[in-house]
Amino acid sequence: MSSLKKAIANSLGFVMLLFFKRIALKQFEKCVLSIYFHNPSAILFKGIINFLNANGFKYIDEKEYYEIVKGNANISGRSVFISFDDGWRGNLKLIPVIEKYNIPITVFVSVKPVISGNFWWEYTDYIKKNNSKISSVEDLKKMTNEQRLYHVNKAIEHRKLERSAINSDELCLLHNHPLITIGSHTYTHPITIMCSDDELQFEYRESKKYLESLLHTNIESLSFPNGDYNKRDLSLLKKNAYIMAFTTSVNIFNDIIDEYEIPRISINSMGGKYENISRMLGLWDQFIQPLHFRLREVNRKLKTAIYCF
């Protein structure tokens with residue numbers, strides 16, 4: 001995101017909050033605010049936490065959220081569940097903030113990067129340079145799992161990267177922290193709907209097996225990589241003894257939430273504080289996103305008219 005776009009988005013977020021924050025906050029008297037991060041800066045993370053603290057949110061852990069979803073516990077005031085996807089080494093620098101405000105979090109970890117040091121999409125630039133038919137990470141995501149791994153493994157052979165993922169010792173450090181729960185984010189972070197049956201079974205079974213063996217604990221939760229899943233995924237989760245799973249759906253306001261399809265709102269690591277706050281309160285999707293789509297449609301029609309003329 002360019003500096004100008006970030007500034008504009010942040011300004012729009014600030015305006016949304018100025019006019020609609022009080023109304024938006026009322027929604028969370030009846031539902032849990034569920035948000036997740038990837039690799040945020042300490043400044044962005046502190047900004048989000050300061051907003052939550054200033055507006056009376058209570059932090060709940062994974063087990064408390066599970067009981068609420070199952071209908072065994074009631075929502076008491078404004079509550080927020082916070083999780084992190086992937087297992088970035090940069091998350092370690094956020095521990096002082098987590099400890100200062102006693103914030104329970106869940107970190108969903110992909111196993112292969114813990115072992116190898118990096119996430120597969122970090123090799124996209126190299127792959128693009130050596131494959132004229134691949135222009136973006138989205139092209140790789142649309143491939144079968146076998147095809148994508150072919151390109152990624154070739155890149156790994158030729159390109160050395162500085163470690164960006166936590167290692168096994170750091171994973172154990174996180175697990176042993178009283179405020180942190182570890183969940184699975186599959187073994188290699190595939191696009192699960194592009195996997196064969198055997199590949200997908202491997203992802204769910206072996207990630208659980210590795211984490212449980214290393215950490216000597218039961219791994220009961222998972223978040224879907226890239227947010228993609230279908231009925232096959234849900235069936236395999238139950239077969240492999242997961243009791244809950246998290247999506248990237250933003251439908252946190254639904255009256256009924258399935259324990260294997262728990263929604264979460266993404267915090268954009270490259271976005272500004274006010275943009276992200278307006279997103280997590282639902283204001284961005286309610287006001288800005290529809291406007292953005294309309295402007296794109298107007299722009300498309302203008303281009304078509306000019307071309308025809």
# chains A, B, ... in the order shown; residues from 1 in each chain; ligands from 1
>>> select_by_dssp(residues="segment 115-209 of chain A", states="strand (DSSP E or B)", output="list in words")
Ala165, Ile180, Thr181, Ile182, Gly183 and Ser184 of chain A
>>> residues_around(residues="segment 1-15 of chain A", least_positions_apart="4", cutoff="12 Å", atoms="only C-alpha atoms", output="ChimeraX atom specification")
/A:19-21,268-289,291-292
>>> atom_distance(atom1="atom CA of Leu211 of chain A", atom2="atom CA of Leu161 of chain A")
24.2 Å
>>> atom_distance(atom1="atom CA of Ile60 of chain A", atom2="atom CA of Phe81 of chain A")
5.4 Å
>>> residues_around(residues="Trp120 of chain A", least_positions_apart="2", cutoff="10 Å", atoms="only C-alpha atoms", output="list in words")
Lys112, Pro113, Ser116, Gly117, Asn118, Glu122, Tyr123, Thr124, Val137, Arg148, Leu149, His151, Val152, Asn153, Ala155, Ile156, Thr188, His189 and Pro190 of chain A
>>> select_by_dssp(residues="segment 118-295 of chain A", states="helix (DSSP H, G or I)", output="VMD selection string")
chain A and resid 120 to 130 137 to 141 145 to 158 168 to 175 192 to 194 197 to 215 225 to 227 231 to 239 273 to 280 283 to 295
>>> residues_around(residues="Leu236 of chain A", least_positions_apart="6", cutoff="9 Å", atoms="only C-alpha atoms", output="PyMOL selection string")
chain A and resi 200-201+204-205+242
>>> residues_around(residues="segment 66-70 of chain A", least_positions_apart="6", cutoff="10 Å", atoms="only C-alpha atoms", output="VMD selection string")
chain A and resid 31 to 32 221 243 to 245 255 to 260 262
>>> write_last_selection(atoms="N, CA, C and O atoms", output="short mmCIF file (atom, residue, chain, number, x, y, z; two decimals), in the first residue's frame")
data_model
loop_
_atom_site.label_atom_id
_atom_site.label_comp_id
_atom_site.auth_asym_id
_atom_site.auth_seq_id
_atom_site.Cartn_x
_atom_site.Cartn_y
_atom_site.Cartn_z
N CYS A 31 -22.40 -9.56 20.82
CA CYS A 31 -21.52 -10.48 20.10
C CYS A 31 -20.07 -10.21 20.45
O CYS A 31 -19.72 -9.12 20.92
N VAL A 32 -19.23 -11.21 20.22
CA VAL A 32 -17.81 -11.09 20.51
C VAL A 32 -17.10 -10.47 19.31
O VAL A 32 -17.33 -10.86 18.17
N SER A 221 -7.54 -26.49 18.06
CA SER A 221 -8.08 -25.45 17.18
C SER A 221 -7.22 -25.28 15.94
O SER A 221 -6.03 -25.63 15.93
N ILE A 243 -11.65 -29.41 17.64
CA ILE A 243 -12.97 -29.10 18.17
C ILE A 243 -13.48 -27.73 17.71
O ILE A 243 -14.65 -27.41 17.90
N MET A 244 -12.61 -26.92 17.10
CA MET A 244 -13.03 -25.61 16.62
C MET A 244 -12.09 -25.13 15.51
O MET A 244 -10.93 -25.53 15.46
N ALA A 245 -12.64 -24.30 14.62
CA ALA A 245 -11.84 -23.76 13.53
C ALA A 245 -12.28 -22.33 13.22
O ALA A 245 -13.45 -21.98 13.38
N ASP A 255 -26.25 -14.40 14.57
CA ASP A 255 -26.79 -14.89 15.84
C ASP A 255 -26.28 -16.29 16.17
O ASP A 255 -26.05 -16.62 17.34
N ILE A 256 -26.11 -17.11 15.15
CA ILE A 256 -25.63 -18.49 15.35
C ILE A 256 -24.30 -18.66 14.63
O ILE A 256 -24.18 -18.37 13.44
N ILE A 257 -23.30 -19.14 15.37
CA ILE A 257 -21.97 -19.36 14.81
C ILE A 257 -21.58 -20.81 15.04
O ILE A 257 -21.66 -21.32 16.16
N ASP A 258 -21.18 -21.48 13.97
CA ASP A 258 -20.73 -22.87 14.07
C ASP A 258 -19.31 -22.92 14.61
O ASP A 258 -18.48 -22.09 14.23
N GLU A 259 -19.02 -23.88 15.48
CA GLU A 259 -17.70 -23.94 16.09
C GLU A 259 -16.58 -24.27 15.10
O GLU A 259 -15.40 -24.08 15.41
N TYR A 260 -16.94 -24.75 13.91
CA TYR A 260 -15.92 -25.01 12.89
C TYR A 260 -15.88 -23.91 11.81
O TYR A 260 -15.14 -24.03 10.84
N ILE A 262 -15.87 -20.25 12.77
CA ILE A 262 -15.89 -19.04 13.60
C ILE A 262 -15.30 -17.87 12.83
O ILE A 262 -14.17 -17.95 12.33
#
>>> closest_residue(among="A:Ser41, A:Ser132, A:Thr248, A:Ser168", to="Ser266 of chain A", atoms="only C-alpha atoms")
A:Thr248
>>> atom_distance(atom1="atom CA of Leu140 of chain A", atom2="atom CA of Ile127 of chain A")
9.4 Å
>>> closest_residue(among="A:Glu261, A:Ser213, A:Lys128, A:Glu199", to="Asp228 of chain A", atoms="only C-alpha atoms")
A:Glu261
>>> residues_around(residues="Leu171 of chain A", least_positions_apart="5", cutoff="10 Å", atoms="only C-alpha atoms", output="list in words")
Gly87, Arg89, Leu92, Val107, Val109, Val114, Ala165, Ile166, Asn176, Ile182, Leu211, Leu214 and Leu215 of chain A
>>> closest_residue(among="A:Asn240, A:Thr186, A:Asn230, A:Ser79", to="Leu52 of chain A", atoms="only C-alpha atoms")
A:Ser79
>>> closest_residue(among="A:Glu64, A:Asp85, A:Asp125, A:Glu162", to="Ile35 of chain A", atoms="only C-alpha atoms")
A:Asp85
>>> closest_residue(among="A:Phe253, A:Trp121, A:Phe57, A:Tyr101", to="Asp86 of chain A", atoms="only C-alpha atoms")
A:Trp121
